[in-house]
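Enquirer: This one is input-v7.pdb, PDB, C-alpha atoms.
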ATOM      1  CA  MET R   1    -104.150-200.052  45.344
ATOM      2  CA  LEU R   2    -105.633-197.695  47.921
ATOM      3  CA  PHE R   3    -102.263-197.412  49.658
ATOM      4  CA  LYS R   4    -100.522-196.510  46.359
ATOM      5  CA  ASN R   5    -103.057-193.756  45.693
ATOM      6  CA  PHE R   6    -102.640-192.437  49.219
ATOM      7  CA  LEU R   7     -98.855-192.481  48.848
ATOM      8  CA  ALA R   8     -99.057-190.633  45.507
ATOM      9  CA  VAL R   9    -101.240-187.906  47.051
ATOM     10  CA  CYS R  10     -98.810-187.518  49.968
ATOM     11  CA  ILE R  11     -95.824-187.163  47.641
ATOM     12  CA  LEU R  12     -97.605-184.580  45.479
ATOM     13  CA  THR R  13     -98.646-182.622  48.573
ATOM     14  CA  LEU R  14     -95.100-182.572  49.965
ATOM     15  CA  THR R  15     -93.711-181.498  46.600
ATOM     16  CA  THR R  16     -96.215-178.637  46.425
ATOM     17  CA  PHE R  17     -95.329-177.444  49.931
ATOM     18  CA  ALA R  18     -91.606-177.632  49.231
ATOM     19  CA  GLN R  19     -91.947-175.554  46.065
ATOM     20  CA  ALA R  20     -94.457-173.102  47.584
ATOM     21  CA  ASN R  21     -91.708-171.546  49.708
ATOM     22  CA  ASP R  22     -89.446-170.724  46.750
ATOM     23  CA  THR R  23     -89.408-167.181  45.396
ATOM     24  CA  PRO R  24     -90.621-166.903  41.788
ATOM     25  CA  GLN R  25     -87.636-165.944  39.613
ATOM     26  CA  LYS R  26     -89.254-162.672  38.496
ATOM     27  CA  TYR R  27     -88.990-161.348  42.085
ATOM     28  CA  VAL R  28     -85.482-162.518  43.021
ATOM     29  CA  GLY R  29     -83.087-159.642  43.638
ATOM     30  CA  THR R  30     -83.034-156.217  45.256
ATOM     31  CA  TRP R  31     -85.711-153.638  44.523
ATOM     32  CA  THR R  32     -85.181-150.000  45.486
ATOM     33  CA  GLY R  33     -87.099-146.755  45.314
ATOM     34  CA  ALA R  34     -88.942-144.077  47.231
ATOM     35  CA  TRP R  35     -91.456-144.465  50.030
ATOM     36  CA  HIS R  36     -93.679-141.798  51.548
ATOM     37  CA  GLU R  37     -96.024-141.432  54.480
ATOM     38  CA  GLY R  38     -97.731-138.058  54.685
ATOM     39  CA  MET R  39     -94.997-135.417  54.409
ATOM     40  CA  THR R  40     -92.173-137.861  55.273
ATOM     41  CA  SER R  41     -90.259-139.865  52.665
ATOM     42  CA  GLY R  42     -87.052-141.778  52.105
ATOM     43  CA  THR R  43     -85.511-144.718  50.286
ATOM     44  CA  LEU R  44     -86.551-148.347  50.643
ATOM     45  CA  TRP R  45     -84.619-151.493  49.683
ATOM     46  CA  LEU R  46     -86.610-154.732  49.402
ATOM     47  CA  THR R  47     -84.731-157.979  48.741
ATOM     48  CA  PHE R  48     -86.175-161.377  47.807
ATOM     49  CA  LYS R  49     -83.857-164.387  47.866
ATOM     50  CA  PRO R  50     -84.419-167.586  45.830
ATOM     51  CA  ASP R  51     -85.146-169.652  48.962
ATOM     52  CA  GLY R  52     -88.302-167.660  49.828
ATOM     53  CA  THR R  53     -86.716-165.322  52.378
ATOM     54  CA  GLY R  54     -86.126-161.609  52.130
ATOM     55  CA  SER R  55     -85.302-158.378  53.909
ATOM     56  CA  ILE R  56     -86.292-154.717  54.024
ATOM     57  CA  LEU R  57     -84.349-151.542  54.827
ATOM     58  CA  PHE R  58     -85.542-147.929  55.094
ATOM     59  CA  THR R  59     -83.905-144.543  55.322
ATOM     60  CA  ASN R  60     -85.737-141.877  57.313
ATOM     61  CA  LEU R  61     -88.494-144.101  58.767
ATOM     62  CA  THR R  62     -87.492-143.627  62.388
ATOM     63  CA  LYS R  63     -90.275-145.779  63.861
ATOM     64  CA  PHE R  64     -88.975-148.749  61.859
ATOM     65  CA  GLY R  65     -85.254-148.359  62.514
ATOM     66  CA  ASN R  66     -82.308-147.939  60.177
ATOM     67  CA  VAL R  67     -81.083-151.544  60.006
ATOM     68  CA  GLU R  68     -81.975-154.264  57.525
ATOM     69  CA  ARG R  69     -84.736-156.494  58.900
ATOM     70  CA  PRO R  70     -85.919-159.929  57.730
ATOM     71  CA  LEU R  71     -89.309-160.273  56.066
ATOM     72  CA  THR R  72     -91.860-162.524  57.733
ATOM     73  CA  THR R  73     -94.910-164.319  56.362
ATOM     74  CA  ILE R  74     -94.031-163.822  52.681
ATOM     75  CA  ARG R  75     -96.734-165.004  50.249
ATOM     76  CA  PHE R  76     -96.332-164.869  46.474
ATOM     77  CA  LEU R  77     -99.739-164.754  44.774
ATOM     78  CA  GLY R  78     -99.303-164.273  41.024
ATOM     79  CA  ASN R  79     -98.322-160.619  40.546
ATOM     80  CA  ARG R  80     -98.973-159.774  44.198
ATOM     81  CA  ILE R  81     -96.762-160.292  47.246
ATOM     82  CA  ASN R  82     -97.977-160.075  50.840
ATOM     83  CA  PHE R  83     -95.380-159.772  53.587
ATOM     84  CA  SER R  84     -94.648-158.254  56.945
ATOM     85  CA  ALA R  85     -91.565-157.240  58.912
ATOM     86  CA  ASN R  86     -90.883-156.436  62.547
ATOM     87  CA  GLY R  87     -89.533-152.919  63.094
ATOM     88  CA  GLU R  88     -89.046-150.871  66.242
ATOM     89  CA  GLY R  89     -92.693-149.763  66.250
ATOM     90  CA  VAL R  90     -95.482-151.271  68.299
ATOM     91  CA  HIS R  91     -97.044-153.034  65.296
ATOM     92  CA  ASP R  92     -95.513-154.932  62.379
ATOM     93  CA  PHE R  93     -94.987-153.396  58.941
ATOM     94  CA  VAL R  94     -97.719-155.199  56.962
ATOM     95  CA  SER R  95     -97.618-154.747  53.207
ATOM     96  CA  HIS R  96     -98.866-155.875  49.838
ATOM     97  CA  VAL R  97     -97.082-155.058  46.615
ATOM     98  CA  PHE R  98     -97.962-155.524  42.939
ATOM     99  CA  LEU R  99     -95.660-156.233  40.008
ATOM    100  CA  ILE R 100     -96.119-153.694  37.203
ATOM    101  CA  GLY R 101     -94.393-154.689  33.989
ATOM    102  CA  GLU R 102     -91.157-156.594  34.394
ATOM    103  CA  ASN R 103     -89.194-154.480  36.835
ATOM    104  CA  LYS R 104     -91.528-152.175  38.808
ATOM    105  CA  LEU R 105     -93.311-152.794  42.096
ATOM    106  CA  THR R 106     -95.912-150.554  43.685
ATOM    107  CA  GLY R 107     -96.955-151.171  47.258
ATOM    108  CA  ASN R 108     -98.932-150.034  50.257
ATOM    109  CA  ALA R 109     -98.353-150.840  53.884
ATOM    110  CA  ASP R 110     -99.769-150.221  57.309
ATOM    111  CA  PHE R 111     -97.198-149.482  59.981
ATOM    112  CA  ASP R 112     -98.089-148.287  63.466
ATOM    113  CA  GLY R 113    -101.324-146.735  62.224
ATOM    114  CA  SER R 114     -99.697-144.922  59.290
ATOM    115  CA  ALA R 115    -100.213-145.606  55.586
ATOM    116  CA  VAL R 116     -96.892-146.033  53.776
ATOM    117  CA  LYS R 117     -96.803-146.052  49.959
ATOM    118  CA  TYR R 118     -93.837-146.959  47.786
ATOM    119  CA  ARG R 119     -92.680-147.572  44.210
ATOM    120  CA  LEU R 120     -89.624-149.713  43.526
ATOM    121  CA  SER R 121     -87.478-150.770  40.570
ATOM    122  CA  LYS R 122     -85.291-153.836  40.305
ATOM    123  CA  LYS R 123     -81.537-153.248  40.448
TER     124      LYS R 123
END
Starting from the file, give its structure as structure tokens.
Expert:
Amino acid sequence: MLFKNFLAVCILTLTTFAQANDTPQKYVGTWTGAWHEGMTSGTLWLTFKPDGTGSILFTNLTKFGNVERPLTTIRFLGNRINFSANGEGVHDFVSHVFLIGENKLTGNADFDGSAVKYRLSKK
């Protein structure tokens, strides 16, 4: 009996971990909008794929680079997402974003000592 209970707990734990990496459906897709840091601004594209991966692309953020980069350490926490990405700067782009309504995200990030703010809509 003890072994069956232990086995049931293991199966439930593995199922939870397997599903924890999936992207909630409300976030899947490409989000785009404006970002700004001080007097500098541009366009940002943030993509979340169903398998829990994603990418980010900026225009006019020279310290980050102008190529699409994979997201790292993505965490979906209700209506909040925490993630980071490696750019060309010394430090990672570390961000948290909140879902507002059904198709708007507002976020803040720290990147190489600068505060980046952005608002995105789902395509």
Enquirer: Identify, on the basis of only C-alpha atoms, every residue whose closest approach to R:Gly65 does not exceed 8 Å; exclude the query and any residue fewer than 6 positions from it along the same chain; express the result as a list in words.
Expert: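 Those residues are Phe58, Gly87 and Glu88 of chain R.
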Enquirer: Hey, what's within 12 Å of R:Gly52 if we count only C-alpha atoms and toss same-chain stuff fewer than 4 positions away? As a VMD selection string, please?
Expert: chain R and resid 18 to 25 27 to 29 47 to 48 70 to 76 81 83
Enquirer: Show which residues sit within 6 Å of R:Thr43, as JSON, numbers by chain. Count all atoms listed in the file, and ignore same-chain residues fewer than 4 positions away.
Expert: {"R": [33, 34, 35, 58, 59]}
Enquirer: Neighbouring residues of R:Thr30 were defined as those with any atom within 6 Å, considering all atoms listed in the file; residues of the same chain fewer than 3 positions away were excluded. Please report them as a VMD selection string.
Expert: chain R and resid 46 to 47 122 to 123
Enquirer: So, counting only C-alpha atoms, which residue among R:Asn66, R:Lys104, R:Val97, R:Gly54 is closest to R:Val116?
Expert: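 Of R:Asn66, R:Lys104, R:Val97, R:Gly54, the one nearest R:Val116 is R:Val97, counting only C-alpha atoms.
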Enquirer: How far is it from atom CA of R:Val90 to atom CA of R:Ser121, in Å with one decimal?
Expert: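 So the two atoms, atom CA of R:Val90 and atom CA of R:Ser121, lie 28.9 Å apart.
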Enquirer: Separation of atom CA of R:His91 and atom CA of R:Lys26, in Å?
Expert: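 Between these atoms lies a distance of 29.5 Å.
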Enquirer: Step by step, work through what the PyMOL selection byres ((chain R and resi 95) around 8) selects in the shown file, and finish by giving those residues as JSON, numbers by chain.
Expert: {"R": [82, 83, 84, 93, 94, 96, 97, 107, 108, 109, 110]}
Enquirer: Please, what distance in Å, to one decimal, runs between atom CA of R:Leu105 and atom CA of R:Thr32?
Expert: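 That distance, rounded to one decimal, is 9.2 Å.
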Enquirer: Which residue out of R:Leu61, R:Leu120, R:Leu77, R:Ile100 has the minimum interatomic distance to R:Gly42 when all atoms listed in the file are used?
Expert: R:Leu61
Enquirer: Could you write out as number ranges by chain the residues that the PyMOL selection byres ((chain R and resi 68) around 7) matches in the shown file?
Expert: R: 55-57, 66-67, 69-70
